[in-house]
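Trainee: File name input-v8.txt; file contents compact mmCIF, N, CA and C atoms and all ligand atoms; full text below.
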# COMPACT_ATOMS: atom_id res chain seq x y z
N MET V 30 -2.21 -17.98 -4.55
CA MET V 30 -1.82 -17.60 -5.91
C MET V 30 -0.47 -16.89 -5.92
N LEU V 31 -0.32 -15.92 -4.99
CA LEU V 31 0.94 -15.17 -4.95
C LEU V 31 2.11 -16.09 -4.61
N ARG V 32 1.89 -16.96 -3.64
CA ARG V 32 2.97 -17.87 -3.26
C ARG V 32 3.37 -18.76 -4.45
N TYR V 33 2.38 -19.22 -5.18
CA TYR V 33 2.65 -20.05 -6.35
C TYR V 33 3.49 -19.27 -7.37
N CYS V 34 3.10 -18.04 -7.66
CA CYS V 34 3.83 -17.21 -8.64
C CYS V 34 5.27 -16.99 -8.18
N GLN V 35 5.43 -16.67 -6.89
CA GLN V 35 6.79 -16.44 -6.37
C GLN V 35 7.64 -17.69 -6.52
N ASN V 36 7.07 -18.83 -6.21
CA ASN V 36 7.84 -20.08 -6.30
C ASN V 36 8.21 -20.43 -7.73
N GLU V 37 7.37 -20.01 -8.69
CA GLU V 37 7.59 -20.34 -10.10
C GLU V 37 8.31 -19.23 -10.86
N GLY V 38 8.71 -18.15 -10.14
CA GLY V 38 9.44 -17.06 -10.79
C GLY V 38 8.57 -16.18 -11.67
N MET V 39 7.30 -16.03 -11.28
CA MET V 39 6.38 -15.18 -12.06
C MET V 39 5.94 -13.97 -11.25
N PHE V 40 5.59 -12.90 -11.96
CA PHE V 40 4.99 -11.74 -11.30
C PHE V 40 3.47 -11.91 -11.27
N LEU V 41 2.87 -11.34 -10.25
CA LEU V 41 1.40 -11.31 -10.16
C LEU V 41 0.96 -9.86 -10.36
N THR V 42 -0.02 -9.64 -11.24
CA THR V 42 -0.53 -8.27 -11.46
C THR V 42 -1.72 -8.02 -10.55
N ALA V 43 -1.65 -6.93 -9.78
CA ALA V 43 -2.75 -6.57 -8.88
C ALA V 43 -3.71 -5.64 -9.61
N TYR V 44 -4.69 -6.24 -10.30
CA TYR V 44 -5.76 -5.46 -10.93
C TYR V 44 -6.63 -4.84 -9.84
N SER V 45 -7.24 -3.75 -10.11
CA SER V 45 -8.21 -3.11 -9.21
C SER V 45 -7.69 -3.07 -7.77
N PRO V 46 -6.50 -2.53 -7.54
CA PRO V 46 -5.92 -2.57 -6.19
C PRO V 46 -6.63 -1.68 -5.18
N LEU V 47 -7.52 -0.81 -5.67
CA LEU V 47 -8.33 -0.01 -4.74
C LEU V 47 -9.75 -0.58 -4.66
N ALA V 48 -9.92 -1.80 -5.17
CA ALA V 48 -11.25 -2.44 -5.23
C ALA V 48 -12.26 -1.46 -5.81
N ARG V 49 -11.82 -0.78 -6.88
CA ARG V 49 -12.66 0.21 -7.58
C ARG V 49 -13.15 1.31 -6.65
N GLY V 50 -12.31 1.65 -5.67
CA GLY V 50 -12.63 2.75 -4.76
C GLY V 50 -13.26 2.29 -3.46
N THR V 51 -13.75 1.05 -3.40
CA THR V 51 -14.47 0.62 -2.20
C THR V 51 -13.55 0.44 -0.99
N VAL V 52 -12.25 0.22 -1.23
CA VAL V 52 -11.33 0.01 -0.11
C VAL V 52 -11.07 1.31 0.66
N LEU V 53 -11.41 2.44 0.05
CA LEU V 53 -11.09 3.73 0.67
C LEU V 53 -11.91 3.98 1.93
N ASP V 54 -13.01 3.25 2.10
CA ASP V 54 -13.85 3.43 3.29
C ASP V 54 -13.56 2.38 4.37
N ASP V 55 -12.61 1.51 4.09
CA ASP V 55 -12.28 0.46 5.06
C ASP V 55 -11.72 1.07 6.35
N GLU V 56 -12.31 0.69 7.48
CA GLU V 56 -11.92 1.29 8.76
C GLU V 56 -10.45 1.07 9.10
N ASP V 57 -9.96 -0.14 8.85
CA ASP V 57 -8.56 -0.44 9.18
C ASP V 57 -7.61 0.36 8.29
N VAL V 58 -7.98 0.50 7.03
CA VAL V 58 -7.15 1.29 6.11
C VAL V 58 -7.14 2.76 6.56
N ARG V 59 -8.29 3.25 6.94
CA ARG V 59 -8.39 4.66 7.36
C ARG V 59 -7.59 4.92 8.64
N ARG V 60 -7.62 3.94 9.55
CA ARG V 60 -6.87 4.09 10.81
C ARG V 60 -5.36 4.20 10.51
N LEU V 61 -4.88 3.36 9.59
CA LEU V 61 -3.45 3.42 9.24
C LEU V 61 -3.13 4.71 8.48
N ALA V 62 -4.07 5.18 7.68
CA ALA V 62 -3.86 6.44 6.95
C ALA V 62 -3.65 7.58 7.95
N ASP V 63 -4.46 7.60 9.01
CA ASP V 63 -4.30 8.62 10.05
C ASP V 63 -2.94 8.48 10.72
N ARG V 64 -2.56 7.24 11.00
CA ARG V 64 -1.30 6.99 11.71
C ARG V 64 -0.10 7.52 10.93
N TYR V 65 -0.12 7.35 9.61
CA TYR V 65 1.03 7.74 8.79
C TYR V 65 0.85 9.08 8.09
N ASP V 66 -0.28 9.75 8.37
CA ASP V 66 -0.59 11.02 7.69
C ASP V 66 -0.57 10.83 6.17
N LYS V 67 -1.23 9.75 5.75
CA LYS V 67 -1.34 9.43 4.33
C LYS V 67 -2.84 9.29 4.00
N THR V 68 -3.16 9.11 2.74
CA THR V 68 -4.57 8.89 2.38
C THR V 68 -4.86 7.38 2.39
N PRO V 69 -6.15 7.00 2.49
CA PRO V 69 -6.48 5.58 2.42
C PRO V 69 -5.97 4.92 1.13
N ALA V 70 -6.02 5.64 0.02
CA ALA V 70 -5.53 5.06 -1.24
C ALA V 70 -4.04 4.74 -1.13
N GLN V 71 -3.29 5.64 -0.52
CA GLN V 71 -1.84 5.40 -0.38
C GLN V 71 -1.56 4.20 0.51
N VAL V 72 -2.34 4.04 1.57
CA VAL V 72 -2.14 2.87 2.45
C VAL V 72 -2.47 1.58 1.70
N ALA V 73 -3.57 1.58 0.96
CA ALA V 73 -3.96 0.37 0.23
C ALA V 73 -2.90 0.01 -0.83
N LEU V 74 -2.38 1.02 -1.51
CA LEU V 74 -1.38 0.76 -2.56
C LEU V 74 -0.04 0.37 -1.94
N ARG V 75 0.26 0.94 -0.76
CA ARG V 75 1.51 0.57 -0.09
C ARG V 75 1.44 -0.89 0.35
N TRP V 76 0.27 -1.28 0.87
CA TRP V 76 0.08 -2.68 1.27
C TRP V 76 0.37 -3.60 0.07
N ALA V 77 -0.18 -3.25 -1.07
CA ALA V 77 0.00 -4.10 -2.25
C ALA V 77 1.46 -4.10 -2.71
N THR V 78 2.09 -2.92 -2.72
CA THR V 78 3.47 -2.84 -3.23
C THR V 78 4.48 -3.46 -2.27
N GLN V 79 4.10 -3.68 -1.02
CA GLN V 79 5.03 -4.31 -0.08
C GLN V 79 5.10 -5.83 -0.27
N HIS V 80 4.28 -6.36 -1.18
CA HIS V 80 4.37 -7.79 -1.48
C HIS V 80 5.39 -8.00 -2.60
N ARG V 81 6.29 -8.92 -2.38
CA ARG V 81 7.33 -9.21 -3.37
C ARG V 81 6.70 -9.78 -4.66
N ASP V 82 7.24 -9.36 -5.80
CA ASP V 82 6.83 -9.86 -7.11
C ASP V 82 5.39 -9.51 -7.49
N VAL V 83 4.89 -8.41 -6.93
CA VAL V 83 3.54 -7.96 -7.29
C VAL V 83 3.65 -6.64 -8.06
N VAL V 84 2.97 -6.56 -9.20
CA VAL V 84 2.91 -5.34 -10.00
C VAL V 84 1.53 -4.72 -9.78
N VAL V 85 1.49 -3.48 -9.33
CA VAL V 85 0.25 -2.86 -8.88
C VAL V 85 -0.21 -1.82 -9.92
N ILE V 86 -1.44 -1.97 -10.43
CA ILE V 86 -1.88 -1.06 -11.50
C ILE V 86 -3.20 -0.34 -11.15
N PRO V 87 -3.12 0.65 -10.25
CA PRO V 87 -4.33 1.44 -9.98
C PRO V 87 -4.68 2.29 -11.20
N LYS V 88 -5.95 2.64 -11.31
CA LYS V 88 -6.39 3.52 -12.40
C LYS V 88 -6.94 4.81 -11.81
N SER V 89 -6.64 5.94 -12.44
CA SER V 89 -7.26 7.20 -12.03
C SER V 89 -7.37 8.14 -13.21
N THR V 90 -8.43 8.93 -13.21
CA THR V 90 -8.61 9.97 -14.23
C THR V 90 -8.35 11.35 -13.64
N ASP V 91 -7.90 11.38 -12.37
CA ASP V 91 -7.74 12.63 -11.64
C ASP V 91 -6.25 12.90 -11.43
N GLU V 92 -5.78 14.07 -11.85
CA GLU V 92 -4.34 14.35 -11.79
C GLU V 92 -3.80 14.30 -10.36
N ASP V 93 -4.57 14.82 -9.39
CA ASP V 93 -4.11 14.78 -7.99
C ASP V 93 -4.01 13.34 -7.49
N HIS V 94 -4.99 12.53 -7.88
CA HIS V 94 -4.94 11.11 -7.47
C HIS V 94 -3.75 10.40 -8.09
N LEU V 95 -3.49 10.71 -9.36
CA LEU V 95 -2.35 10.06 -10.03
C LEU V 95 -1.05 10.38 -9.29
N ARG V 96 -0.90 11.65 -8.90
CA ARG V 96 0.32 12.06 -8.18
C ARG V 96 0.37 11.35 -6.82
N GLU V 97 -0.76 11.38 -6.13
CA GLU V 97 -0.86 10.75 -4.80
C GLU V 97 -0.50 9.26 -4.88
N ASN V 98 -0.93 8.62 -5.94
CA ASN V 98 -0.72 7.17 -6.06
C ASN V 98 0.74 6.80 -6.32
N LEU V 99 1.55 7.82 -6.65
CA LEU V 99 2.99 7.57 -6.82
C LEU V 99 3.79 7.89 -5.56
N GLU V 100 3.18 8.66 -4.65
CA GLU V 100 3.91 9.11 -3.46
C GLU V 100 3.70 8.11 -2.31
N LEU V 101 4.26 6.94 -2.51
CA LEU V 101 4.01 5.82 -1.59
C LEU V 101 5.23 5.35 -0.84
N PHE V 102 6.38 5.82 -1.27
CA PHE V 102 7.59 5.14 -0.84
C PHE V 102 8.36 5.88 0.25
N ASP V 103 7.68 6.83 0.91
CA ASP V 103 8.30 7.52 2.04
C ASP V 103 7.75 7.01 3.37
N PHE V 104 7.01 5.89 3.31
CA PHE V 104 6.59 5.24 4.55
C PHE V 104 6.47 3.74 4.27
N LYS V 105 6.48 2.97 5.36
CA LYS V 105 6.41 1.51 5.18
C LYS V 105 5.56 0.93 6.31
N LEU V 106 4.60 0.08 5.95
CA LEU V 106 3.78 -0.59 6.95
C LEU V 106 4.61 -1.66 7.64
N THR V 107 4.35 -1.85 8.93
CA THR V 107 5.05 -2.91 9.64
C THR V 107 4.47 -4.27 9.21
N ARG V 108 5.17 -5.32 9.53
CA ARG V 108 4.69 -6.68 9.23
C ARG V 108 3.30 -6.90 9.85
N GLU V 109 3.12 -6.44 11.10
CA GLU V 109 1.83 -6.62 11.79
C GLU V 109 0.72 -5.86 11.05
N GLU V 110 1.05 -4.65 10.57
CA GLU V 110 0.03 -3.86 9.87
C GLU V 110 -0.32 -4.49 8.52
N VAL V 111 0.69 -5.01 7.82
CA VAL V 111 0.42 -5.70 6.55
C VAL V 111 -0.50 -6.89 6.81
N ASP V 112 -0.16 -7.69 7.82
CA ASP V 112 -0.96 -8.88 8.13
C ASP V 112 -2.38 -8.50 8.54
N ALA V 113 -2.50 -7.41 9.31
CA ALA V 113 -3.83 -7.00 9.78
C ALA V 113 -4.74 -6.62 8.61
N LEU V 114 -4.17 -6.10 7.53
CA LEU V 114 -4.99 -5.73 6.37
C LEU V 114 -5.26 -6.92 5.45
N THR V 115 -4.43 -7.94 5.52
CA THR V 115 -4.49 -9.00 4.52
C THR V 115 -5.81 -9.78 4.54
N LYS V 116 -6.24 -10.30 5.68
CA LYS V 116 -7.44 -11.15 5.68
C LYS V 116 -8.71 -10.39 5.35
N PRO V 117 -8.95 -9.24 6.02
CA PRO V 117 -10.17 -8.50 5.65
C PRO V 117 -10.14 -8.06 4.19
N SER V 118 -8.95 -7.71 3.68
CA SER V 118 -8.88 -7.25 2.30
C SER V 118 -9.28 -8.35 1.34
N LEU V 119 -8.82 -9.57 1.64
CA LEU V 119 -9.17 -10.69 0.76
C LEU V 119 -10.69 -10.86 0.72
N LEU V 120 -11.32 -10.83 1.90
CA LEU V 120 -12.76 -11.03 1.95
C LEU V 120 -13.50 -9.90 1.25
N LYS V 121 -13.06 -8.66 1.52
CA LYS V 121 -13.80 -7.54 0.97
C LYS V 121 -13.60 -7.41 -0.53
N SER V 122 -12.39 -7.67 -1.02
CA SER V 122 -12.19 -7.54 -2.46
C SER V 122 -12.92 -8.66 -3.19
N GLY V 123 -12.99 -9.85 -2.55
CA GLY V 123 -13.76 -10.94 -3.15
C GLY V 123 -15.23 -10.57 -3.24
N LYS V 124 -15.75 -9.96 -2.19
CA LYS V 124 -17.16 -9.54 -2.19
C LYS V 124 -17.37 -8.44 -3.23
N ALA V 125 -16.43 -7.47 -3.31
CA ALA V 125 -16.57 -6.39 -4.28
C ALA V 125 -16.58 -6.95 -5.71
N MET V 126 -15.73 -7.96 -5.93
CA MET V 126 -15.66 -8.55 -7.27
C MET V 126 -17.00 -9.24 -7.60
N LEU V 127 -17.55 -10.00 -6.62
CA LEU V 127 -18.82 -10.68 -6.86
C LEU V 127 -19.95 -9.68 -7.08
N ASP V 128 -19.97 -8.61 -6.27
CA ASP V 128 -21.00 -7.58 -6.45
C ASP V 128 -20.93 -7.00 -7.86
N GLY V 129 -19.69 -6.74 -8.34
CA GLY V 129 -19.51 -6.18 -9.67
C GLY V 129 -19.99 -7.14 -10.75
N MET V 130 -19.71 -8.45 -10.57
CA MET V 130 -20.13 -9.44 -11.57
C MET V 130 -21.65 -9.54 -11.61
N VAL V 131 -22.27 -9.55 -10.43
CA VAL V 131 -23.73 -9.65 -10.39
C VAL V 131 -24.34 -8.42 -11.06
N GLY V 132 -23.75 -7.24 -10.81
CA GLY V 132 -24.24 -6.01 -11.44
C GLY V 132 -24.15 -6.09 -12.95
N GLU V 133 -23.04 -6.66 -13.46
CA GLU V 133 -22.86 -6.74 -14.92
C GLU V 133 -23.87 -7.72 -15.54
N ILE V 134 -24.16 -8.83 -14.85
CA ILE V 134 -25.10 -9.82 -15.37
C ILE V 134 -26.51 -9.21 -15.46
N ARG V 135 -26.87 -8.39 -14.43
CA ARG V 135 -28.20 -7.77 -14.44
C ARG V 135 -28.22 -6.71 -15.53
N1 LIG V 201 -8.04 -7.11 -17.79
C1 LIG V 201 -8.88 -7.29 -16.81
O1 LIG V 201 -9.57 -8.29 -16.72
C2 LIG V 201 -8.96 -6.25 -15.74
C3 LIG V 201 -9.86 -6.43 -14.69
C4 LIG V 201 -9.92 -5.47 -13.69
C5 LIG V 201 -9.07 -4.35 -13.77
N2 LIG V 201 -8.20 -4.21 -14.80
C6 LIG V 201 -7.31 -3.05 -14.89
O2 LIG V 201 -6.83 -2.71 -13.60
C7 LIG V 201 -6.66 -1.29 -13.52
C8 LIG V 201 -7.35 -0.71 -12.30
O3 LIG V 201 -8.62 -1.22 -12.15
P1 LIG V 201 -9.98 -0.49 -11.70
O4 LIG V 201 -10.18 0.78 -12.39
O5 LIG V 201 -11.00 -1.53 -11.82
O6 LIG V 201 -9.82 -0.26 -10.15
P2 LIG V 201 -8.94 0.57 -9.09
O7 LIG V 201 -7.66 1.06 -9.65
O8 LIG V 201 -8.96 -0.31 -7.91
O9 LIG V 201 -9.90 1.79 -8.76
C9 LIG V 201 -10.14 2.86 -9.62
C10 LIG V 201 -11.05 3.84 -8.87
O10 LIG V 201 -10.35 4.39 -7.75
C11 LIG V 201 -10.37 5.82 -7.81
N3 LIG V 201 -9.08 6.31 -7.33
C12 LIG V 201 -7.85 6.09 -7.87
N4 LIG V 201 -6.89 6.69 -7.15
C13 LIG V 201 -7.53 7.32 -6.12
C14 LIG V 201 -7.09 8.12 -5.03
N5 LIG V 201 -5.79 8.39 -4.84
N6 LIG V 201 -8.01 8.60 -4.17
C15 LIG V 201 -9.33 8.33 -4.34
N7 LIG V 201 -9.81 7.58 -5.35
C16 LIG V 201 -8.91 7.08 -6.24
C17 LIG V 201 -10.61 6.17 -9.26
O11 LIG V 201 -11.30 7.39 -9.36
P3 LIG V 201 -10.62 8.71 -10.05
O12 LIG V 201 -10.52 8.42 -11.51
O13 LIG V 201 -11.58 9.79 -9.69
O14 LIG V 201 -9.28 8.89 -9.41
C18 LIG V 201 -11.49 5.00 -9.73
O15 LIG V 201 -12.86 5.26 -9.40
C19 LIG V 201 -7.20 -0.71 -14.80
O16 LIG V 201 -6.11 -0.40 -15.62
C20 LIG V 201 -8.05 -1.84 -15.36
O17 LIG V 201 -8.10 -1.80 -16.78
C21 LIG V 201 -8.14 -5.15 -15.78
Would you mind writing the file's structure down as structure tokens?
Mentor:
Amino acid sequence: MLRYCQNEGMFLTAYSPLARGTVLDDEDVRRLADRYDKTPAQVALRWATQHRDVVVIPKSTDEDHLRENLELFDFKLTREEVDALTKPSLLKSGKAMLDGMVGEIR
């Protein structure tokens, strides 16, 4: 989808970029958070913002979280680190989305 948007000159909006909070417990995200002295939320949002033509819209009702979610641009994940998060993130966010849909239907 992202590649298609980039080729066609469109932006892609990253809804639920924290997978509604579930990504914060991801082991790989937490490992990178320790490495960069950042929070898991900051690593997940940095991963998303490092993709070209992606607009990232996390939601928070907490003032500290809102501030934290803006303090992303003083570190950068390497290409290897971005790639390492990409495949598991796709699987886990897909599962989180399905779990949410099943919950809504019930
Ligand atoms: N139009 C659509 O079909 C559609 C579908 C999905 C999503 N969206 C939009 O996408 C946006 C985000 O979606 P979302 O709310 O589903 O998911 P999200 O942004 O992935 O996750 C929000 C959750 O993460 C927590 N959070 C945020 N920042 C955090 C931080 N720094 N540390 C720890 N926890 C943090 C929030 O709790 P706190 O409030 O406690 O910080 C909240 O529980 C919203 O504007 C939503 O309307 C639109």
Trainee: When distances are computed from only N, CA and C atoms and all ligand atoms, which of V:Leu101, V:Val72, V:Ala48, V:Val85 shows the smallest separation from ligand LIG 201 (chain V)?
Mentor: V:Ala48
Trainee: Using only N, CA and C atoms and all ligand atoms for the distances, tell me which of V:Arg64, V:Arg59, V:Arg49, V:Arg108 is nearest to ligand LIG 201 (chain V).
Mentor: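 Between V:Arg64, V:Arg59, V:Arg49, V:Arg108, the residue approaching ligand LIG 201 (chain V) most closely is V:Arg49.
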Trainee: Please indicate the distance in Å from atom N of Asn36 of chain V to atom N of Val84 of chain V, rounded to one decimal place.
Mentor: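 We find that atom N of Asn36 of chain V and atom N of Val84 of chain V lie 13.3 Å from each other.
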Trainee: Report, in Å to a single decimal, how far apart atom C of Met39 of chain V and atom C of Asn98 of chain V are.
Mentor: 22.0 Å
Trainee: One decimal, in Å: what's the spacing between atom C19 of ligand LIG 201 (chain V) and atom CA of Arg60 of chain V?
Mentor: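 Interatomic distance, atom C19 of ligand LIG 201 (chain V) to atom CA of Arg60 of chain V: 26.1 Å.
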Trainee: DSSP on the backbone, alpha helix (DSSP H) only: what residues of chain V does that give? Format it as JSON, numbers by chain.
Mentor: {"V": [31, 32, 33, 34, 35, 36, 37, 56, 57, 58, 59, 60, 61, 62, 63, 64, 65, 69, 70, 71, 72, 73, 74, 75, 76, 77, 78, 92, 93, 94, 95, 96, 97, 108, 109, 110, 111, 112, 113, 114, 115, 116, 117, 118, 119, 120, 121, 122, 123, 124, 125, 126, 127, 128, 129, 130, 131, 132, 133, 134]}
Trainee: Under the rule that only C-alpha atoms and all ligand atoms are counted, which of V:Val83, V:Val52, V:Leu95, V:Leu47 is the nearest residue to ligand LIG 201 (chain V)?
Mentor: V:Leu47
Trainee: Pick the closest to Ala77 of chain V from V:Thr115, V:Ser89, V:Thr51, V:Thr107: which is it, counting only C-alpha atoms?
Mentor: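 Of all the options, V:Thr115 lies closest to Ala77 of chain V.
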Trainee: Taking all atoms listed in the file and a cut-off of 6 Å, can you tell me which residues surround ligand LIG 201 (chain V), written as a VMD selection string?
Mentor: chain V and resid 43 to 50 70 to 71 86 to 91 93 to 95 97 to 98
Trainee: Write out as a VMD selection string the set of residues from chain V that DSSP, computed on the backbone, places in strand (DSSP E).
Mentor: chain V and resid 41 to 43 83 to 85
Trainee: Counting only C-alpha atoms, what is within 12 Å of Leu106 of chain V, bar same-chain residues fewer than 2 positions away, as number ranges by chain?
Mentor: V: 58, 61-62, 64-65, 67, 71-80, 101-104, 108-114
Trainee: So for segment 72-77 of chain V, what box centre and size do we get, axis-aligned, 6 Å extra on each of the six sides, every listed atom, Å to one decimal, as JSON?
Mentor:
{"center_x": -1.2, "center_y": 0.0, "center_z": -0.1, "size_x": 17.5, "size_y": 20.1, "size_z": 17.2}
Trainee: Between V:Thr68, V:Lys105, V:Leu53, V:Asp82, which one has atoms that come closest to Leu31 of chain V, using only C-alpha atoms?
Mentor: V:Asp82
Trainee: Please determine, counting only C-alpha atoms, which residue among V:Glu100, V:Tyr33, V:Pro69, V:Phe40 has the shortest atom-to-atom distance to Glu56 of chain V.
Mentor: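 Distance minimum relative to Glu56 of chain V lands on V:Pro69.
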